[in-house]
Structures are given as structure tokens and as C-alpha cells.
Amino acid sequence: MDQTKKNMPLPLEPELRRFSALAGLFDPAPGDLPELPGIDMYGSCLQKNGEFGGDHIIYVDFNKRYKLEKLIREAPPQVREKLAQNYHKAGLVVIDAEGHDLTAAFLAAIFHQAFLLGVRYELRMFGEVTTHLFENINTRFYNSSGLSKTLTLVYGEIYQDGTFRFLSAAHPPPKVFSNEFDRIVDISEDRLVTFPQIGTMPSPHDVEKSVPQLGIKEKYTINEINLMGRGDILILYTDGLSDHRSPSGERYFPSRLEKTLRRCKTLSAREVFDSIKDDLLKFNPFLEDDLSFVIIKKS
């Protein structure tokens, strides 16, 4: 073979197409949406470049994805009760890796695989997802990506009774639209504790020799919100939604979002999502950032 040809770089366009196809495999399939009595859920990502980006959503229907009956049968007695509680809740992650490029999509894909593998281990060991999983993921990202790329996330578990328990790493706070009061209601600050971006500061147990410049992250803690009213809507989102503006600079969030929710609050979660999506693209069809949101409705 001619040495010149041998050393020529591969064409970039076919590689981009292959990566785009591979990244698409991590997008949630319709069957991934959790099935939980009394809870209706739907969400999706709108990537700025139309194909791939740093926003990503993972749904966790514990029973469908991890076959709880088999896990319970094989688990030690002290873990079985915890495992059985997973029939009554569902999990989801919304992440936002910095940027809209291949690197951001790559980081999202790494998180996707690490998280789902970690959940399987957590269920077998503890019967539930604990903060240990996120401490370990934070450590892995800190040791590999450092400060070159940041990643925010919110991981939450929604229960049949409408309780939402979640962990936030520098992610925009959830919003609750009250069906009774017909508006977005305030959430107490003590229920919105958040932590630094994933990978920017080491977890406490991982500090060995010297303290990093940014210091040491505190241990993760869990927040809790109660959705008591029938028809209440919880919204998880990335800053692409909260920062979305009209060409004149007017913000979509939260006032116009609230108006849209008033119009469509009686619809299903999928229909609420589509109504908001259509309205925000009418507000401004040009995205300045990847934009994602999830609608969780107590039915």
C-alpha cells in the first residue's frame, strides 16, 4: 500500500454519521417510559444542532429494566424489603453536559452507561439507588475529565403518592404547577439543596494527598417535594428552557410557560409536553442551547 495513502486521515463525515447513529441508540425508546399507577410522565430533548448534544434523559422503570421479581428472589433477606419498594416508584435522570458538540454527547453517553450499570449494582447491594452511586460517578468524572467539561444533573424518584425525592448537581431546580391554584408555586429553599457540577470537586472519601484548588465537595443529600393535588405537574428541565428567549430578548420562562400550562393542564403528560414544545418554538424557533424537559403529572 502507498505509504502516503496509509497515513491519510479517515474522512470525517462518515465518522460523524456513525457517531450520530450511535448516540441515537442512547435516546429513550417509547417502551422506556415508566409505568406507574397514578403518575403520567413524558419528556424529550431538543438538541441545538438537531442531531446530538449534551442534554440527555434516562428513565428507570425498575421493574421493566431490572426484573425486580428475579432480583427479590435472589437477594439476601435484608435487601428484599427495599427491593419490593421499587414497584411503587420510578426514577429518571436529566443531565446537561457543557457544549453542543461531539465531546458533550460523548460525556452524556459515558454517564448513561455508568449510571445504568451502577443502578444494577446498587439494587443488588442495597435494594435501592443510594447517594453512593453519585459519589462514585462524581469521582470517576473528576479523575478523568476534571474541569475541561462540566456536567449538571438531577436524579429523581417519583412515588405513586406523588412524592418526589431528588438529588441535584448544579442543575436548575424543579418547578411545580399547582392544578388547584392554577400557577407555578414556590418551593421552599431547604428543599432545593444542590451541589457542584459532576466532576469538578472530589467526593470527601476520595481525597488522598492534597486538597484541590476548588476544595472538597460535601456529601450528597436528598431533597423531597410532595405533589399532593390531583392534576399537579412537576417539570424537570435544562437551562436551555429557562434561558430560552424571543428575538427581542423576552424570556419564555417562567411566565409564558405558566400561561401555556394553564391552557393544557388537563391533558396527558405527552400532550402537555407537545403543547409547551410547540409554543416555545413559536416563541422562537432558533435554539441557542440544547433544550430538554420532562413533564410528570399526578393523575
# chains A, B, ... in the order shown; residues from 1 in each chain; ligands from 1

call {"tool": "residues_around", "arguments": {"residues": "Pro172 of chain A", "least_positions_apart": "3", "cutoff": "9 Å", "atoms": "only C-alpha atoms", "output": "NGL selection string"}}
result
:A and (152-154 or 168-169 or 236-239 or 242)

call {"tool": "residues_around", "arguments": {"residues": "Asp186 of chain A", "least_positions_apart": "6", "cutoff": "10 Å", "atoms": "only C-alpha atoms", "output": "ChimeraX atom specification"}}
result
/A:175-178

call {"tool": "write_last_selection", "arguments": {"atoms": "N, CA and C atoms", "output": "PDB file, in the first residue's frame"}}
result
ATOM      1  N   LYS A 175     -39.766  22.696  38.945  1.00  0.00           N
ATOM      2  CA  LYS A 175     -40.894  23.604  39.110  1.00  0.00           C
ATOM      3  C   LYS A 175     -42.179  22.788  39.255  1.00  0.00           C
ATOM      4  N   VAL A 176     -43.087  23.290  40.088  1.00  0.00           N
ATOM      5  CA  VAL A 176     -44.368  22.618  40.298  1.00  0.00           C
ATOM      6  C   VAL A 176     -45.496  23.555  39.898  1.00  0.00           C
ATOM      7  N   PHE A 177     -46.346  23.069  38.992  1.00  0.00           N
ATOM      8  CA  PHE A 177     -47.555  23.809  38.613  1.00  0.00           C
ATOM      9  C   PHE A 177     -48.716  23.206  39.386  1.00  0.00           C
ATOM     10  N   SER A 178     -49.361  24.035  40.212  1.00  0.00           N
ATOM     11  CA  SER A 178     -50.479  23.580  41.024  1.00  0.00           C
ATOM     12  C   SER A 178     -51.772  23.636  40.222  1.00  0.00           C
TER      13      SER A 178
END

call {"tool": "closest_atom_pairs", "arguments": {"of": "segment 188-295 of chain A", "to": "segment 125-141 of chain A", "cutoff": "9 Å", "atoms": "only C-alpha atoms", "output": "JSON lines"}}
result
{"residue": "A:Gln197", "atom": "CA", "partner": "A:Asn138", "partner_atom": "CA", "distance": 8.6}
{"residue": "A:Ile198", "atom": "CA", "partner": "A:Asn138", "partner_atom": "CA", "distance": 5.2}
{"residue": "A:Gly199", "atom": "CA", "partner": "A:Phe141", "partner_atom": "CA", "distance": 4.5}
{"residue": "A:Thr200", "atom": "CA", "partner": "A:Phe141", "partner_atom": "CA", "distance": 8.0}
{"residue": "A:Met201", "atom": "CA", "partner": "A:Asn138", "partner_atom": "CA", "distance": 7.9}
{"residue": "A:Pro202", "atom": "CA", "partner": "A:Thr139", "partner_atom": "CA", "distance": 5.8}
{"residue": "A:Ser203", "atom": "CA", "partner": "A:Glu135", "partner_atom": "CA", "distance": 6.0}
{"residue": "A:Pro204", "atom": "CA", "partner": "A:Glu135", "partner_atom": "CA", "distance": 8.8}
{"residue": "A:His205", "atom": "CA", "partner": "A:Glu135", "partner_atom": "CA", "distance": 8.9}
{"residue": "A:Asp206", "atom": "CA", "partner": "A:Thr139", "partner_atom": "CA", "distance": 7.2}
{"residue": "A:Lys219", "atom": "CA", "partner": "A:Glu135", "partner_atom": "CA", "distance": 7.8}
{"residue": "A:Tyr220", "atom": "CA", "partner": "A:Thr131", "partner_atom": "CA", "distance": 6.2}
{"residue": "A:Thr221", "atom": "CA", "partner": "A:Thr131", "partner_atom": "CA", "distance": 7.2}
{"residue": "A:Ile222", "atom": "CA", "partner": "A:Thr131", "partner_atom": "CA", "distance": 8.1}

call {"tool": "write_last_selection", "arguments": {"atoms": "C-alpha atoms", "output": "PDB file, in the first residue's frame"}}
result
ATOM      1  CA  GLN A 197     -21.209  20.106  38.765  1.00  0.00           C
ATOM      2  CA  ILE A 198     -20.279  16.462  38.382  1.00  0.00           C
ATOM      3  CA  GLY A 199     -16.510  16.015  38.291  1.00  0.00           C
ATOM      4  CA  THR A 200     -15.415  19.489  39.365  1.00  0.00           C
ATOM      5  CA  MET A 201     -14.724  18.635  43.025  1.00  0.00           C
ATOM      6  CA  PRO A 202     -13.781  15.285  44.570  1.00  0.00           C
ATOM      7  CA  SER A 203     -16.075  13.460  46.964  1.00  0.00           C
ATOM      8  CA  PRO A 204     -14.938  13.542  50.627  1.00  0.00           C
ATOM      9  CA  HIS A 205     -13.793   9.924  50.821  1.00  0.00           C
ATOM     10  CA  ASP A 206     -11.662  10.263  47.677  1.00  0.00           C
ATOM     11  CA  LYS A 219     -21.656  14.534  50.800  1.00  0.00           C
ATOM     12  CA  TYR A 220     -24.742  14.386  48.595  1.00  0.00           C
ATOM     13  CA  THR A 221     -28.113  14.742  50.296  1.00  0.00           C
ATOM     14  CA  ILE A 222     -31.657  14.151  49.060  1.00  0.00           C
TER      15      ILE A 222
END

call {"tool": "residues_around", "arguments": {"residues": "Leu261 of chain A", "least_positions_apart": "2", "cutoff": "8 Å", "atoms": "only C-alpha atoms", "output": "PyMOL selection string"}}
result
chain A and resi 177+257-259+263-265+272+276

call {"tool": "closest_residue", "arguments": {"among": "A:Phe253, A:Asp61, A:Thr163, A:Asn223", "to": "Ile184 of chain A", "atoms": "only C-alpha atoms"}}
result
A:Phe253

call {"tool": "closest_residue", "arguments": {"among": "A:Ile296, A:Ile57, A:Val193, A:Val79", "to": "Arg270 of chain A", "atoms": "only C-alpha atoms"}}
result
A:Ile296

call {"tool": "closest_residue", "arguments": {"among": "A:Val294, A:Ile39, A:Ile58, A:Leu280", "to": "Gln113 of chain A", "atoms": "only C-alpha atoms"}}
result
A:Ile58

call {"tool": "select_by_dssp", "arguments": {"residues": "segment 22-92 of chain A", "states": "helix (DSSP H, G or I)", "output": "ChimeraX atom specification"}}
result
/A:22-24,30-32,62-66,68-74,77-88

call {"tool": "closest_residue", "arguments": {"among": "A:Glu218, A:Glu35, A:Glu224, A:Asp232", "to": "Thr266 of chain A", "atoms": "only C-alpha atoms"}}
result
A:Asp232
